[in-house]
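> Here it is, the structure, as structure tokens.
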Amino acid sequence: MTLIKEIDYGTPESKAEKLVTLTIDGTSVTVPEGTSIMRAAMEIGTEIPKLCATDSINAFGSCRLCVIEVEGRNGTPASCTTPVAQGISVKTQTPRLAAIRRGVMELYISDHPLDCLTCAANGDCELQDMAGAVGLRDVRYGYDGANHVFARNNGEVNFDWKPKDESNPYFSYDPSKCIVCNRCVRACEEVQGTFALTISGRGFDSRVSAGMDEAFMESECVSCGACVQACPTATLIEKSVIAVGQPEHSAVTTCAYCGVGCTFKAEMRGEEVVRMVPWKDGKANHGHSCIKGRFAYGYAQHGDRILDPMIRESIDQPWRVVSWDEAIAFAADRLKATQEKYGKNSVGVITSSRCTNEESYLVQKLARQGFRNNNTDTCARVCHSPTGYGLAQTFGTSAGTQDFDSVDDADVILVIGANPTDAHPVFGSRMKKRLREGAKLIVVDPRRIDLVRSPHVEADYHLPLKPGTNVAMVTALAHVIVTEGLVNLDFVKSRCDWDEFQDWAEFVALPNNSPEAMEMTLGVPAADVRAAARLYATGGNGAIYYGLGVTEHSQGSTTVMGIANLAMATGNLGRRGVGVNPLRGQNNVQGSCDMGSFPHELPGYRHISNEAARQVFEKDWGVTLDPEPGLRIPNMFDSAIEGTFKGLYVQGEDILQSDPDTRHVSRALANMDIVIVQDLFLVETANYAHVFLPGATFLEKDGTFTNAERRIQRVTKVMRPKNGYADWEVTQLLANRMGLNWNYTHASEIMDEIARLTPSFAGVSFKRLEEDGSVQWPCNENSPHGMPIMHIDGFARGKGKFVITEYVPTDERVGPRFPLLLTTGRILSQYNVGAQTRRTENSQWHSEDVLEIHPHDAEDRGVRDGDWVKIASRAGETTLRAKITDRVAPGVVYTTFHHPTTQANVVTTDNSDWATNCPEYKVTAVQVSTTNGPTDWQHQYRELTEHSRRIASAIDAAE
Amino acid sequence: MSHDSVDKLVKMANQIGKFFVAQKHPEGVASMTEHLKKFWDPRMRNAIIAHVDHGGAGLDPIAIEAVKRLVHGAGAAASESRPDEHSFDG
């Protein structure tokens, strides 16, 4: 393996269709109009020297190193800012150009330290490369004059010198090495869209400045690392490179955090990760990343990782470290004994939305082929299952309709219940880029998320609805579209079921669905709702992006169908720039659903009652499959408390922390005879486990993840699993001990089986992924290279189906005892239950969950900023610190659920979506009051955790 | 099944009923029956069938109708083909 080096074309690609032919150094080249001469030269392999240019950002023309000569034109223009023209003849190297470049380099080097040998960028420094390229042999100016390089000049303190800023845990900023090329500033603006960096001062005083000359950690910097990646010197550089040195090989792999699915080059030295660098050819991220993907991989080496299998007879005993053989035998024997005693349907599995497709596939196969039941579910149940149901009903497939690139053509972006800049940051940056280009924005969210107003982005309409009223909102929007004659009738007539449309139109047009009638319910001025509906319907390409703020409600599925109705009624489907785009939470939520993790459907979304589909698997697996749907996660818990569900194998999900109503979940788990947890750490669920099987990180195994765009991408093993096995191998050990005869020797063989048995995956193989980089399913004979945009000529189900969306208020209503509504969400630096990110330096950004509360509500309760407060619902109570902010409306409080000590889910209830049982995380009636410290439950829970995590020493075990 | 569990199933069934009762095409009761067949594990279906057999307290009319069709439809057939289910009824 070698170090992958992408070509830097210097300036971005031109999207013009008209082509221009010119000559560069006698060679003819044809490129799109608007291409820079620098880029055209690189197309034919001619690298014009440059420092301030890189192809992720627009040309700037400041370094003057890229000068060229054009026949018949005066002077020496910069090739980065000079576009190509038909028939021109360019020279990239003449004695005049060489002299200019050498002169420029000489000036640069006269104010740059010459510590190349001990510099962290040694071997990866563009300044060094350019000095070599232009033939710099001498620096005549010396260092005696004014400079930024030395702390002291001639024995005097040098006020132009600044010390390093080491405040960020992941990268350092050394002003003495800065050449003021502005690449970091422009990357922060153009790529990330945060505008945290600027150049302060002028001329010789020009310095890169985070915020108002603050330390990076104190500035608005979100630590995405785009500036570090853009820096041509060691000025901004990863601390891991400083610590380890330059990498010697790399492999392309896919991030294991959110559903954006950024691809990275894992740059390695032996089996040590030197750094993660976003891959330029990655179709989801185009060379960008967020703090989590680029920097927060340290958990993989964290001391908390459990590397040896452990078992115990009962959960009050300490863990006993055993061999893999013994642990697998114990697990298999107990599962079999449980099935013998309580029947075959008494055990089940939960597949992971963080593990690979291949691993999810095997876990559900274990249930179906091994346990002979359909008790398989996945954490998608608690996030996007309503998307699966709702879009399948209306369009005929649960798939999101677009690729991420589609946003570049959107004119109106409607964001509902999603917070992309925190939860899907790399896509959030793409969206902000389009907004800065002039697209309009409507945000439907109870909370004022960053998108509503942040540098150079402002929502045209923010509709801060009351939590739990989404259906009322989408129906009110539809009311305006129908009653004001804004329906795209051509689209509806040709593409949708006309009778159903008429029924729907009649329903939404009812006066009680108007924004005015709904004003009290929504808490949003009717005029704003009307204006937003008009904008979405008439503003050009309208694209809807939504998240868990839509799905995690008692009417989650209804809202999804309401969103589909809006898109169909306005004809915003089937082309670029439009669509219905669910932003999936975890890295492989899409994949785990595709892989047949749900109890009612086989891989590829075929219902288990479908005999033909069953037969395909029965023939391949050599067993008869149960035609009845199995238990969903909440049903598993209910049945466990009931006593009919007694055994569970959970791969890579911490249900005790992530699922609602913690006390209900813990009662269920405590009631089981066998709980097998496969994970990296002793997660909260492991408190109730009898078998702990150590898991592997995404760096330690091969496989694929499927992102929110249905894009299947490779996960590449770059080091041996510390625990000894990839997760699919562990499942195979268990399956074989259960009597199944599996013989997979590589993850690619599992994908081959998936492709063989699943029509929408028929063309997928590791070979295809290697050739194409990635593939968006469906990938088969009809679309051998996948399908970026769905429903182009017709819907998957034939005619689009309009569904009537009657608003049914949730049972979770405010009253005298619980007068506030709690809603939950995420923050940029932490991920889900925090098992990974809490074990990295990301905790410096967010070390505890806080409760956001409006100043009025805080004052009523005597709560001051930073006070400990108790939050109580009918399910339970917990404590955390208050943060007073008007981001939330009066009557609404908000928190995250990243930290186990807070246990926000002790408060959430067991209400769920009517169609899918997706929990209603987003609405809980609560009361907030001041308190002195943790609740009894938090004390008891901490004791239980400490007790449960005991591991017997070797001597104890021998006895 | 205990009262708690049945109460929960009743609540879930009523939630489903509220959606289907609002639909015009196809007929709500049939759609709700189909939904229960497609997404409810047999032990849940058997429990709600048993509850309806005992009067169906707390269930909305559409839910009672939909569950009754389960008894005479695939739900019953499924239980027959899987006699082991009954032992879990508790």
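Ordering of the structure tokens sets the chain letters (A, B, ...), residue numbers begin anew at 1 in every chain, and ligands are numbered from 1 in the order given.
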Any idea which chain A residues end up within 6 Å of chain B if we count only C-alpha atoms, as a VMD selection string please?

chain A and resid 629 to 631 644 804 914

> Looking at A:Gln927, A:Ser494, A:Ser557, A:Asn687, which one is nearest to Pro386 in chain A, with distances taken over only C-alpha atoms?

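Among A:Gln927, A:Ser494, A:Ser557, A:Asn687, it is A:Ser557 that comes nearest to Pro386 in chain A.
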
> Report the distance between CA of Asp752 in chain A and CA of Phe766 in chain A in Å, rounded to one decimal place.

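Between CA of Asp752 in chain A and CA of Phe766 in chain A the gap works out to 8.3 Å.
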
> In terms of the shortest atom-to-atom distance over only C-alpha atoms, which of A:Gly763, A:Leu197, A:Met636, A:Asn345 is closest to Ser783 in chain A?

A:Gly763

> Identify, on the basis of only C-alpha atoms, every residue whose closest approach to range 52-55 of chain B does not exceed 9 Å; exclude the query and any residue fewer than 2 positions from it along the same chain; express the result as a PyMOL selection string.

chain B and resi 47-50+57+59+64+67-68

> Compile the contact shell of range 311-320 of chain A as a ChimeraX atom specification: residues with an atom at most 7 Å away, counting only C-alpha atoms, same-chain residues fewer than 5 positions apart removed.

/A:327,688-692,948-952,957

> Take the residues just selected and output them with N, CA and C atoms as a PDB file, in the first residue's frame.


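And here's out-v8.pdb as it stands now:
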```pdb
ATOM      1  N   ALA A 327     -16.953 -18.279  26.138  1.00  0.00           N
ATOM      2  CA  ALA A 327     -18.001 -17.256  26.080  1.00  0.00           C
ATOM      3  C   ALA A 327     -19.045 -17.611  25.023  1.00  0.00           C
ATOM      4  N   TYR A 688     -26.802  -5.150  32.471  1.00  0.00           N
ATOM      5  CA  TYR A 688     -27.809  -6.212  32.572  1.00  0.00           C
ATOM      6  C   TYR A 688     -27.461  -7.429  31.717  1.00  0.00           C
ATOM      7  N   ALA A 689     -26.192  -7.511  31.289  1.00  0.00           N
ATOM      8  CA  ALA A 689     -25.807  -8.601  30.379  1.00  0.00           C
ATOM      9  C   ALA A 689     -25.179  -9.765  31.124  1.00  0.00           C
ATOM     10  N   HIS A 690     -25.313 -10.943  30.516  1.00  0.00           N
ATOM     11  CA  HIS A 690     -24.682 -12.149  31.038  1.00  0.00           C
ATOM     12  C   HIS A 690     -23.432 -12.511  30.249  1.00  0.00           C
ATOM     13  N   VAL A 691     -23.396 -12.049  29.016  1.00  0.00           N
ATOM     14  CA  VAL A 691     -22.230 -12.324  28.166  1.00  0.00           C
ATOM     15  C   VAL A 691     -21.794 -11.006  27.545  1.00  0.00           C
ATOM     16  N   PHE A 692     -20.496 -10.722  27.633  1.00  0.00           N
ATOM     17  CA  PHE A 692     -19.969  -9.553  26.928  1.00  0.00           C
ATOM     18  C   PHE A 692     -18.989 -10.031  25.868  1.00  0.00           C
ATOM     19  N   SER A 948     -22.176  -3.456  38.899  1.00  0.00           N
ATOM     20  CA  SER A 948     -22.328  -4.317  37.739  1.00  0.00           C
ATOM     21  C   SER A 948     -21.068  -4.414  36.899  1.00  0.00           C
ATOM     22  N   ARG A 949     -20.208  -3.409  36.995  1.00  0.00           N
ATOM     23  CA  ARG A 949     -19.023  -3.397  36.138  1.00  0.00           C
ATOM     24  C   ARG A 949     -17.822  -4.078  36.796  1.00  0.00           C
ATOM     25  N   ARG A 950     -18.019  -4.664  37.975  1.00  0.00           N
ATOM     26  CA  ARG A 950     -16.899  -5.357  38.621  1.00  0.00           C
ATOM     27  C   ARG A 950     -16.414  -6.494  37.733  1.00  0.00           C
ATOM     28  N   ILE A 951     -15.100  -6.587  37.614  1.00  0.00           N
ATOM     29  CA  ILE A 951     -14.530  -7.720  36.886  1.00  0.00           C
ATOM     30  C   ILE A 951     -13.671  -8.485  37.875  1.00  0.00           C
ATOM     31  N   ALA A 952     -13.964  -9.782  38.013  1.00  0.00           N
ATOM     32  CA  ALA A 952     -13.232 -10.596  38.991  1.00  0.00           C
ATOM     33  C   ALA A 952     -11.780 -10.691  38.562  1.00  0.00           C
ATOM     34  N   ALA A 957     -11.231 -15.660  39.868  1.00  0.00           N
ATOM     35  CA  ALA A 957     -11.800 -16.510  38.827  1.00  0.00           C
ATOM     36  C   ALA A 957     -11.338 -17.951  39.003  1.00  0.00           C
TER      37      ALA A 957
END
```

> Once DSSP has gone over the backbone, tell me which residues of range 675-894 of chain A are in strand (DSSP E or B), as JSON, numbers by chain.

{"A": [675, 676, 677, 678, 679, 691, 692, 693, 694, 703, 704, 705, 706, 711, 712, 713, 714, 715, 775, 776, 786, 795, 798, 800, 820, 821, 822, 823, 824, 825, 850, 851, 852, 853, 868, 869, 870, 871, 872, 877, 878, 879, 880, 881, 882, 883, 884, 888, 892, 893, 894]}

> Name all residues at most 6 Å from Pro599 in chain A (count only C-alpha atoms; drop same-chain ones fewer than 2 positions away) and give them as a list of chain:residue names.

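Here the answer would be A:Asn374, A:Asn375, A:Thr376, A:Asp377, A:Glu601, A:Pro629, A:Gly630.
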
> Neighbours of Arg861 in chain A within 10 Å (only C-alpha atoms; same-chain residues fewer than 2 positions away dropped), as JSON, numbers by chain?

{"A": [855, 856, 857, 858, 859, 863, 864, 869, 927, 928, 929, 930]}

> DSSP says alpha helix (DSSP H) for which residues of range 690-915 of chain A? Put them as a PyMOL selection string?

chain A and resi 727-737+747-757+766-772+855-860

> Please indicate the distance in Å from CA of Gln229 in chain A to CA of Ala41 in chain A, rounded to one decimal place.

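The value is 23.3 Å.
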
> Quick one: everything within 12 Å of Glu516 in chain A, counting only C-alpha atoms, minus sequence neighbours fewer than 3 positions away in the same chain. Send it as a compact mmCIF listing (two decimals) with all heavy atoms, in the first residue's frame.


```txt
# COMPACT_ATOMS: atom_id res chain seq x y z
N ALA A 472 -50.16 19.01 12.23
CA ALA A 472 -50.97 20.22 12.05
C ALA A 472 -50.25 21.19 11.13
O ALA A 472 -50.86 21.86 10.29
CB ALA A 472 -51.26 20.86 13.40
N MET A 473 -48.92 21.27 11.27
CA MET A 473 -48.14 22.20 10.45
C MET A 473 -48.13 21.78 8.98
O MET A 473 -48.43 22.59 8.10
CB MET A 473 -46.70 22.29 10.98
CG MET A 473 -45.77 23.16 10.15
SD MET A 473 -46.31 24.88 10.00
CE MET A 473 -45.70 25.57 11.53
N ALA A 476 -51.48 22.37 7.50
CA ALA A 476 -51.76 23.80 7.30
C ALA A 476 -51.02 24.32 6.07
O ALA A 476 -51.56 25.11 5.29
CB ALA A 476 -51.37 24.59 8.54
N LEU A 477 -49.76 23.87 5.88
CA LEU A 477 -49.01 24.27 4.68
C LEU A 477 -49.75 23.78 3.43
O LEU A 477 -49.90 24.51 2.45
CB LEU A 477 -47.58 23.70 4.74
CG LEU A 477 -46.63 24.30 5.79
CD1 LEU A 477 -45.37 23.45 5.93
CD2 LEU A 477 -46.26 25.74 5.45
N HIS A 479 -52.90 23.16 3.18
CA HIS A 479 -54.14 23.93 3.06
C HIS A 479 -53.91 25.17 2.19
O HIS A 479 -54.69 25.47 1.29
CB HIS A 479 -54.62 24.34 4.46
CG HIS A 479 -55.82 25.24 4.45
ND1 HIS A 479 -57.10 24.75 4.51
CD2 HIS A 479 -55.93 26.59 4.37
CE1 HIS A 479 -57.95 25.77 4.46
NE2 HIS A 479 -57.27 26.89 4.38
N VAL A 480 -52.80 25.86 2.47
CA VAL A 480 -52.50 27.08 1.72
C VAL A 480 -52.23 26.73 0.26
O VAL A 480 -52.74 27.38 -0.66
CB VAL A 480 -51.28 27.80 2.35
CG1 VAL A 480 -50.92 29.04 1.53
CG2 VAL A 480 -51.58 28.16 3.80
N LEU A 510 -60.31 21.91 4.23
CA LEU A 510 -61.30 22.17 5.28
C LEU A 510 -60.84 23.37 6.11
O LEU A 510 -59.65 23.51 6.41
CB LEU A 510 -61.46 20.95 6.19
CG LEU A 510 -62.07 19.70 5.57
CD1 LEU A 510 -61.98 18.52 6.54
CD2 LEU A 510 -63.51 19.96 5.15
N PRO A 511 -61.80 24.22 6.49
CA PRO A 511 -61.41 25.44 7.24
C PRO A 511 -60.64 25.12 8.53
O PRO A 511 -59.77 25.90 8.92
CB PRO A 511 -62.75 26.09 7.56
CG PRO A 511 -63.73 25.50 6.61
CD PRO A 511 -63.25 24.15 6.22
N ASN A 512 -60.95 23.99 9.15
CA ASN A 512 -60.25 23.71 10.42
C ASN A 512 -58.78 23.33 10.22
O ASN A 512 -58.04 23.18 11.17
CB ASN A 512 -60.98 22.63 11.22
CG ASN A 512 -61.08 21.32 10.47
OD1 ASN A 512 -60.90 21.29 9.25
ND2 ASN A 512 -61.36 20.24 11.18
N ASN A 513 -58.34 23.17 8.97
CA ASN A 513 -56.92 22.91 8.70
C ASN A 513 -56.17 24.17 8.25
O ASN A 513 -55.00 24.09 7.89
CB ASN A 513 -56.77 21.82 7.63
CG ASN A 513 -57.13 20.46 8.19
OD1 ASN A 513 -56.85 20.17 9.35
ND2 ASN A 513 -57.78 19.63 7.39
N GLU A 519 -53.61 28.25 14.43
CA GLU A 519 -52.65 29.18 15.03
C GLU A 519 -52.39 28.89 16.50
O GLU A 519 -51.24 28.84 16.96
CB GLU A 519 -53.13 30.62 14.85
CG GLU A 519 -52.05 31.64 15.09
CD GLU A 519 -52.40 33.01 14.51
OE1 GLU A 519 -53.61 33.33 14.42
OE2 GLU A 519 -51.49 33.74 14.15
N MET A 520 -53.46 28.64 17.26
CA MET A 520 -53.30 28.38 18.69
C MET A 520 -52.59 27.05 18.94
O MET A 520 -51.76 26.93 19.84
CB MET A 520 -54.68 28.36 19.38
CG MET A 520 -55.32 29.73 19.53
SD MET A 520 -54.26 30.87 20.45
CE MET A 520 -54.46 30.20 22.10
N THR A 521 -52.93 26.07 18.12
CA THR A 521 -52.30 24.75 18.27
C THR A 521 -50.80 24.83 17.99
O THR A 521 -49.98 24.29 18.73
CB THR A 521 -52.95 23.76 17.29
OG1 THR A 521 -54.35 23.74 17.53
CG2 THR A 521 -52.37 22.36 17.43
N LEU A 522 -50.46 25.52 16.88
CA LEU A 522 -49.07 25.56 16.44
C LEU A 522 -48.23 26.56 17.24
O LEU A 522 -47.03 26.36 17.41
CB LEU A 522 -49.00 25.95 14.96
CG LEU A 522 -49.60 24.97 13.97
CD1 LEU A 522 -49.71 25.62 12.59
CD2 LEU A 522 -48.74 23.72 13.89
N GLY A 523 -48.88 27.64 17.67
CA GLY A 523 -48.12 28.70 18.31
C GLY A 523 -47.30 29.50 17.32
O GLY A 523 -46.29 30.10 17.67
N VAL A 524 -47.70 29.48 16.04
CA VAL A 524 -46.98 30.20 14.99
C VAL A 524 -47.97 31.11 14.27
O VAL A 524 -49.07 30.67 13.93
CB VAL A 524 -46.37 29.21 13.96
CG1 VAL A 524 -45.62 29.97 12.87
CG2 VAL A 524 -45.45 28.21 14.65
N PRO A 525 -47.59 32.37 14.02
CA PRO A 525 -48.51 33.29 13.33
C PRO A 525 -48.94 32.71 11.97
O PRO A 525 -48.10 32.24 11.20
CB PRO A 525 -47.67 34.56 13.12
CG PRO A 525 -46.59 34.48 14.15
CD PRO A 525 -46.33 33.03 14.38
N ALA A 526 -50.25 32.78 11.70
CA ALA A 526 -50.78 32.20 10.48
C ALA A 526 -50.15 32.83 9.24
O ALA A 526 -49.92 32.16 8.24
CB ALA A 526 -52.30 32.37 10.45
N ALA A 527 -49.87 34.12 9.32
CA ALA A 527 -49.30 34.81 8.15
C ALA A 527 -47.95 34.19 7.76
O ALA A 527 -47.63 34.07 6.58
CB ALA A 527 -49.14 36.29 8.47
N ASP A 528 -47.16 33.82 8.77
CA ASP A 528 -45.86 33.20 8.48
C ASP A 528 -46.04 31.85 7.81
O ASP A 528 -45.30 31.47 6.90
CB ASP A 528 -45.05 33.01 9.77
CG ASP A 528 -44.44 34.32 10.26
OD1 ASP A 528 -44.68 35.34 9.59
OD2 ASP A 528 -43.77 34.29 11.31
N VAL A 529 -47.03 31.08 8.30
CA VAL A 529 -47.28 29.75 7.71
C VAL A 529 -47.70 29.92 6.26
O VAL A 529 -47.23 29.22 5.36
CB VAL A 529 -48.35 28.99 8.52
CG1 VAL A 529 -48.67 27.65 7.86
CG2 VAL A 529 -47.89 28.79 9.96
N ARG A 530 -48.58 30.88 6.02
CA ARG A 530 -49.04 31.13 4.64
C ARG A 530 -47.87 31.54 3.74
O ARG A 530 -47.71 31.02 2.64
CB ARG A 530 -50.10 32.23 4.62
CG ARG A 530 -51.46 31.73 5.07
CD ARG A 530 -52.60 32.64 4.67
NE ARG A 530 -53.85 32.04 5.16
CZ ARG A 530 -54.62 31.24 4.42
NH1 ARG A 530 -54.30 30.99 3.17
NH2 ARG A 530 -55.70 30.70 4.95
```

> I'd like to know which of A:Ala226, A:Ala120, A:Ala256, A:Val907 is closest to Gln657 in chain A, using only C-alpha atoms.

A:Val907

> I'd like the interatomic distance between CA of Ala517 in chain A and CA of Ala63 in chain B, to a tenth of an Å.

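Computing it gives 29.2 Å between the two atoms.
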
> Here is a test: counting only C-alpha atoms, which residue of A:Thr92, A:Thr624, A:Ser592, A:Ser658 is nearest to Leu65 in chain A?

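With only C-alpha atoms as the atom set, the closest residue is A:Thr92.
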